[in-house]
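Content type mmCIF, C-alpha atoms, from the file protein-v2.cif:
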```cif
data_input
loop_
_atom_site.group_PDB
_atom_site.id
_atom_site.type_symbol
_atom_site.label_atom_id
_atom_site.label_comp_id
_atom_site.auth_asym_id
_atom_site.auth_seq_id
_atom_site.Cartn_x
_atom_site.Cartn_y
_atom_site.Cartn_z
ATOM 1 C CA ALA A 27 235.574 296.024 131.302
ATOM 2 C CA GLU A 28 234.114 298.670 133.619
ATOM 3 C CA ARG A 29 236.767 301.159 132.529
ATOM 4 C CA VAL A 30 236.104 300.478 128.861
ATOM 5 C CA SER A 31 232.336 300.917 129.373
ATOM 6 C CA ARG A 32 232.921 304.266 131.031
ATOM 7 C CA THR A 33 235.502 305.662 128.643
ATOM 8 C CA SER A 34 234.278 304.072 125.402
ATOM 9 C CA PRO A 35 230.646 302.908 125.655
ATOM 10 C CA GLU A 36 230.375 302.592 121.879
ATOM 11 C CA ALA A 37 232.867 299.734 122.017
ATOM 12 C CA VAL A 38 230.439 297.856 124.273
ATOM 13 C CA ALA A 39 227.180 298.883 122.567
ATOM 14 C CA GLY A 40 228.521 298.725 119.010
ATOM 15 C CA PRO A 41 228.117 294.936 118.468
ATOM 16 C CA LEU A 42 224.600 295.063 119.909
ATOM 17 C CA LEU A 43 223.673 297.938 117.635
ATOM 18 C CA LYS A 44 225.044 296.070 114.605
ATOM 19 C CA MET A 45 223.056 292.948 115.556
ATOM 20 C CA HIS A 46 219.857 295.023 115.418
ATOM 21 C CA GLY A 47 220.722 296.715 112.143
ATOM 22 C CA PHE A 48 222.006 300.047 113.479
ATOM 23 C CA ALA A 49 225.368 301.525 112.591
ATOM 24 C CA ALA A 50 227.602 302.277 115.537
ATOM 25 C CA VAL A 51 228.849 305.844 115.854
ATOM 26 C CA GLU A 52 232.474 306.026 114.756
ATOM 27 C CA GLU A 53 234.721 307.924 117.039
ATOM 28 C CA ASP A 54 236.450 310.888 115.472
ATOM 29 C CA ALA A 55 240.139 310.070 115.799
ATOM 30 C CA ALA A 56 241.228 313.562 114.986
ATOM 31 C CA GLY A 57 239.019 315.019 117.701
ATOM 32 C CA ASP A 58 240.441 312.567 120.223
ATOM 33 C CA ASP A 59 244.027 313.567 119.329
ATOM 34 C CA ALA A 60 243.344 317.299 119.425
ATOM 35 C CA THR A 61 241.309 317.888 122.580
ATOM 36 C CA PRO A 62 240.029 315.868 125.531
ATOM 37 C CA GLU A 63 236.533 317.176 124.799
ATOM 38 C CA GLY A 64 236.429 314.720 121.858
ATOM 39 C CA GLY A 65 235.898 311.849 124.263
ATOM 40 C CA THR A 66 232.985 313.661 125.825
ATOM 41 C CA SER A 67 231.480 314.289 122.375
ATOM 42 C CA ALA A 68 231.812 310.587 121.443
ATOM 43 C CA SER A 69 230.235 309.524 124.724
ATOM 44 C CA SER A 70 227.379 311.956 124.152
ATOM 45 C CA SER A 71 226.819 310.615 120.618
ATOM 46 C CA SER A 72 226.783 307.032 121.910
ATOM 47 C CA ALA A 73 224.280 307.978 124.605
ATOM 48 C CA ASN A 74 222.099 309.631 121.982
ATOM 49 C CA THR A 75 222.266 306.523 119.805
ATOM 50 C CA LEU A 76 221.207 304.298 122.694
ATOM 51 C CA SER A 77 218.376 306.688 123.512
ATOM 52 C CA VAL A 78 217.178 306.604 119.906
ATOM 53 C CA LEU A 79 217.370 302.800 119.933
ATOM 54 C CA ARG A 80 215.323 302.652 123.139
ATOM 55 C CA GLU A 81 212.702 304.956 121.647
ATOM 56 C CA LYS A 82 212.483 302.785 118.529
ATOM 57 C CA CYS A 83 212.061 299.680 120.683
ATOM 58 C CA ASP A 84 209.290 301.382 122.641
ATOM 59 C CA ARG A 85 207.614 302.446 119.413
ATOM 60 C CA LEU A 86 207.838 298.921 118.026
ATOM 61 C CA LYS A 87 206.337 297.572 121.229
ATOM 62 C CA ARG A 88 203.422 299.994 120.993
ATOM 63 C CA GLN A 89 202.886 299.048 117.362
ATOM 64 C CA GLY A 90 202.942 295.373 118.330
ATOM 65 C CA ASP A 91 200.323 296.006 121.007
ATOM 66 C CA VAL A 92 198.137 297.826 118.482
ATOM 67 C CA LEU A 93 198.494 295.001 115.964
ATOM 68 C CA ASP A 94 197.697 292.445 118.646
ATOM 69 C CA GLY A 95 194.500 294.329 119.488
ATOM 70 C CA VAL A 96 193.561 294.498 115.801
ATOM 71 C CA ALA A 97 194.193 290.764 115.416
ATOM 72 C CA GLN A 98 191.988 290.003 118.419
ATOM 73 C CA ARG A 99 189.165 292.150 117.048
ATOM 74 C CA VAL A 100 189.442 290.477 113.637
ATOM 75 C CA GLU A 101 189.405 287.028 115.258
ATOM 76 C CA THR A 102 186.322 287.943 117.305
ATOM 77 C CA SER A 103 184.588 289.258 114.190
ATOM 78 C CA LEU A 104 185.429 286.072 112.269
ATOM 79 C CA GLN A 105 184.097 283.922 115.102
ATOM 80 C CA ARG A 106 180.816 285.856 115.109
ATOM 81 C CA GLY A 107 180.607 285.465 111.348
ATOM 82 C CA MET A 108 181.201 281.715 111.607
ATOM 83 C CA LYS A 109 178.455 281.411 114.230
ATOM 84 C CA ARG A 110 176.031 283.321 112.003
ATOM 85 C CA MET A 111 176.938 281.151 109.016
ATOM 86 C CA ASP A 112 176.480 277.997 111.070
ATOM 87 C CA THR A 113 173.058 279.196 112.252
ATOM 88 C CA SER A 114 172.033 280.094 108.688
ATOM 89 C CA THR A 115 173.220 276.716 107.409
ATOM 90 C CA LYS A 116 171.188 274.867 110.021
ATOM 91 C CA ARG A 117 168.105 276.918 109.178
ATOM 92 C CA LEU A 118 168.577 276.241 105.460
ATOM 93 C CA SER A 119 168.970 272.534 106.178
ATOM 94 C CA ARG A 120 165.707 272.532 108.122
ATOM 95 C CA VAL A 121 163.984 274.368 105.257
ATOM 96 C CA LEU A 122 165.251 271.807 102.729
ATOM 97 C CA ASP A 123 164.127 268.917 104.940
ATOM 98 C CA LEU A 124 160.717 270.520 105.319
ATOM 99 C CA SER A 125 160.483 271.053 101.564
ATOM 100 C CA ALA A 126 161.312 267.396 100.904
ATOM 101 C CA ALA A 127 158.698 266.309 103.454
ATOM 102 C CA LEU A 128 156.080 268.553 101.844
ATOM 103 C CA LYS A 129 156.818 267.056 98.422
ATOM 104 C CA MET A 130 156.349 263.573 99.868
ATOM 105 C CA ILE A 131 153.071 264.605 101.501
ATOM 106 C CA MET A 132 151.787 266.056 98.207
ATOM 107 C CA ARG A 133 152.708 262.831 96.398
ATOM 108 C CA LEU A 134 151.043 260.869 99.195
ATOM 109 C CA GLN A 135 147.829 262.868 98.809
ATOM 110 C CA PHE A 136 147.877 262.435 95.028
ATOM 111 C CA GLU A 137 148.337 258.659 95.187
ATOM 112 C CA SER A 138 145.736 258.418 97.951
ATOM 113 C CA SER A 139 143.173 260.274 95.840
ATOM 114 C CA LYS A 140 143.716 257.750 93.040
ATOM 115 C CA LEU A 141 142.694 254.878 95.317
ATOM 116 C CA GLN A 142 139.095 256.090 95.615
ATOM 117 C CA GLY A 143 137.880 255.248 92.102
ATOM 118 C CA TYR A 144 139.198 251.737 91.584
ATOM 119 C CA TYR A 145 137.060 248.659 90.976
ATOM 120 C CA LEU A 146 139.258 245.932 92.399
ATOM 121 C CA ASP A 147 137.429 243.070 90.658
ATOM 122 C CA ASP A 148 138.800 244.344 87.370
ATOM 123 C CA LEU A 149 142.356 243.282 86.577
ATOM 124 C CA ARG A 150 143.415 246.649 85.175
ATOM 125 C CA ASP A 151 142.017 248.600 88.142
ATOM 126 C CA LEU A 152 143.608 246.082 90.491
ATOM 127 C CA THR A 153 146.961 246.643 88.794
ATOM 128 C CA ARG A 154 146.689 250.434 89.102
ATOM 129 C CA ALA A 155 145.554 250.197 92.718
ATOM 130 C CA ALA A 156 148.464 247.887 93.488
ATOM 131 C CA GLY A 157 150.860 250.452 91.969
ATOM 132 C CA SER A 158 149.405 253.302 94.023
ATOM 133 C CA VAL A 159 149.498 251.237 97.212
ATOM 134 C CA ALA A 160 153.133 250.317 96.593
ATOM 135 C CA VAL A 161 154.083 253.970 96.123
ATOM 136 C CA ILE A 162 152.177 255.062 99.225
ATOM 137 C CA GLU A 163 153.647 252.311 101.394
ATOM 138 C CA ASP A 164 157.121 253.306 100.232
ATOM 139 C CA LEU A 165 156.414 256.948 101.124
ATOM 140 C CA LEU A 166 154.985 256.036 104.515
ATOM 141 C CA ALA A 167 158.202 254.155 105.306
ATOM 142 C CA LYS A 168 160.304 257.307 104.837
ATOM 143 C CA PRO A 169 161.793 258.650 108.086
ATOM 144 C CA GLU A 170 160.754 262.194 107.112
ATOM 145 C CA LEU A 171 157.083 261.176 107.368
ATOM 146 C CA ASN A 172 157.559 259.273 110.633
ATOM 147 C CA ALA A 173 158.705 262.223 112.696
ATOM 148 C CA THR A 174 157.881 262.919 116.311
ATOM 149 C CA PRO A 175 155.334 264.364 116.886
ATOM 150 C CA PRO A 176 153.488 262.611 114.040
ATOM 151 C CA ILE A 177 152.188 264.570 111.044
ATOM 152 C CA ASP A 178 148.382 264.772 111.167
ATOM 153 C CA ILE A 179 147.752 264.550 107.432
ATOM 154 C CA VAL A 180 150.022 261.512 107.093
ATOM 155 C CA GLU A 181 148.341 259.753 109.996
ATOM 156 C CA SER A 182 144.918 260.485 108.479
ATOM 157 C CA ILE A 183 145.932 258.820 105.196
ATOM 158 C CA ARG A 184 147.591 255.782 106.774
ATOM 159 C CA PRO A 185 144.385 253.849 107.777
ATOM 160 C CA GLN A 186 142.885 254.228 104.301
ATOM 161 C CA VAL A 187 146.067 252.964 102.692
ATOM 162 C CA LYS A 188 146.142 249.932 104.979
ATOM 163 C CA ARG A 189 142.538 249.106 104.142
ATOM 164 C CA THR A 190 143.166 249.498 100.407
ATOM 165 C CA ALA A 191 146.341 247.422 100.563
ATOM 166 C CA THR A 192 144.455 244.643 102.338
ATOM 167 C CA ALA A 193 141.649 244.838 99.764
ATOM 168 C CA VAL A 194 144.134 244.688 96.881
ATOM 169 C CA ARG A 195 145.774 241.580 98.288
ATOM 170 C CA LYS A 196 142.399 239.930 98.914
ATOM 171 C CA SER A 197 141.237 240.776 95.390
ATOM 172 C CA ALA A 198 144.443 239.395 93.951
ATOM 173 C CA SER A 199 143.958 236.215 95.948
ATOM 174 C CA THR A 200 140.326 235.963 94.765
ATOM 175 C CA LEU A 201 141.338 236.414 91.136
ATOM 176 C CA LEU A 202 144.051 233.822 91.526
ATOM 177 C CA GLU A 203 141.598 231.308 92.963
ATOM 178 C CA ARG A 204 139.080 232.113 90.221
ATOM 179 C CA TYR A 205 141.634 231.611 87.494
ATOM 180 C CA HIS A 206 142.895 228.495 89.201
ATOM 181 C CA SER A 207 139.423 226.971 89.049
ATOM 182 C CA GLN A 208 139.191 227.513 85.304
ATOM 183 C CA SER A 209 140.845 224.662 83.448
ATOM 184 C CA ALA A 210 140.843 226.130 79.926
ATOM 185 C CA THR A 211 142.681 229.410 80.516
ATOM 186 C CA ARG A 212 144.346 228.582 83.791
ATOM 187 C CA THR A 213 147.973 228.803 82.648
ATOM 188 C CA ALA A 214 147.705 232.059 80.715
ATOM 189 C CA SER A 215 145.606 233.814 83.355
ATOM 190 C CA VAL A 216 147.810 232.843 86.285
ATOM 191 C CA VAL A 217 150.937 233.921 84.408
ATOM 192 C CA GLN A 218 149.330 237.244 83.504
ATOM 193 C CA LEU A 219 148.143 237.939 87.027
ATOM 194 C CA GLY A 220 151.418 236.878 88.587
ATOM 195 C CA ALA A 221 153.496 238.989 86.202
ATOM 196 C CA THR A 222 151.292 242.021 86.844
ATOM 197 C CA LEU A 223 151.299 241.848 90.649
ATOM 198 C CA GLN A 224 154.961 240.873 90.877
ATOM 199 C CA VAL A 225 155.911 244.379 89.748
ATOM 200 C CA TYR A 226 154.332 245.916 92.846
ATOM 201 C CA PHE A 227 154.631 243.230 95.555
#
```

Structure rendered as structure tokens:
Amino acid sequence: AERVSRTSPEAVAGPLLKMHGFAAVEEDAAGDDATPEGGTSASSSSANTLSVLREKCDRLKRQGDVLDGVAQRVETSLQRGMKRMDTSTKRLSRVLDLSAALKMIMRLQFESSKLQGYYLDDLRDLTRAAGSVAVIEDLLAKPELNATPPIDIVESIRPQVKRTATAVRKSASTLLERYHSQSATRTASVVQLGATLQVYF
């Protein structure tokens, strides 16, 4: 094997070259028959082929290193972009939550302003007040309006709503007792009052 590698290196390197897609240098038979320098020429050609193959391998390695660096830079850039997108998404989510809370507060203020002009001894005003109280109590139960720290405007409305809700229930109870004491229209009045307040309580 050592003799073959010295006298005919292309016979050893040829299969390796073919495996990597390179054509092995064919030895010139006529040159071998004519002069002994033909063997030297074939050996030189084989050495040149191996040198070219080594250079190509080195070039491919350098290209691989360059591509690896490019891939790392692209990955780093994508990670920074994902972090920015995640931060922007969280900010947008907070903005949407704040917008929803502001809408609830505006509705709360509107319904609270309606509670100031009701005459609770009147059945129609009692019905409207009961509707407003029901809406406000539903809004006050929302987790967005029960944040920590508490929202000042919501906390300022809450006592008034509690007082109005208590007054509505007392007025409803008073009307029920009044209608209960009347024998002539007792059935119709109780049914009307019960059907009206049942919508809201």

- Looking at A:Ala160, A:Lys116, A:Lys140, A:Ser77, which one is nearest to Thr192 in chain A, with distances taken over all atoms listed in the file? A:Ala160

Please determine an axis-aligned box that encloses all atoms of range 137-148 of chain A listed in the file, with 5 Å added on each side, and express its centre and edge lengths in Å to one decimal as lines of an AutoDock Vina configuration file.
```
center_x = 142.7
center_y = 251.7
center_z = 92.7
size_x = 21.3
size_y = 27.2
size_z = 20.6
```

- Message: Report, in Å with one decimal, the straight-line distance from CA of Val78 in chain A to CA of Leu43 in chain A.
- Response: 11.1 Å

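Put simply, CA of Arg184 in chain A is 7.7 Å away from CA of Leu166 in chain A.
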
- Query: the PyMOL selection byres ((chain A and resi 162) around 9) on the file shown: which residues, as an MDAnalysis selection string?
  - Reply: chainID A and resid 133:135 137:138 157:161 163:167 184 187

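What separates CA of Arg117 in chain A from CA of Glu170 in chain A is a distance of 16.6 Å.
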
- Message: Taking all atoms listed in the file into account, name the residue in A:Ser197, A:Glu181, A:Met111, A:Val96 that is nearest to Tyr144 in chain A.
- Response: A:Ser197

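Proximity ranking of A:Thr190, A:Ser119, A:Ser182, A:Thr102 relative to Arg154 in chain A places A:Thr190 first, based on all atoms listed in the file.
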
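Distances here use all atoms listed in the file; by that measure, the residue among A:Leu118, A:Leu124, A:Val194, A:Leu152 closest to Ala173 in chain A is A:Leu124.
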
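Shortest separation to Ala127 in chain A among A:Lys168, A:Gly40, A:Leu86, A:Thr174 occurs at residue A:Lys168, atoms counted being all atoms listed in the file.
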
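With distances taken over all atoms listed in the file, A:Ala155 is the one residue among A:Leu76, A:Ala155, A:Glu101, A:Ser199 lying closest to Ser139 in chain A.
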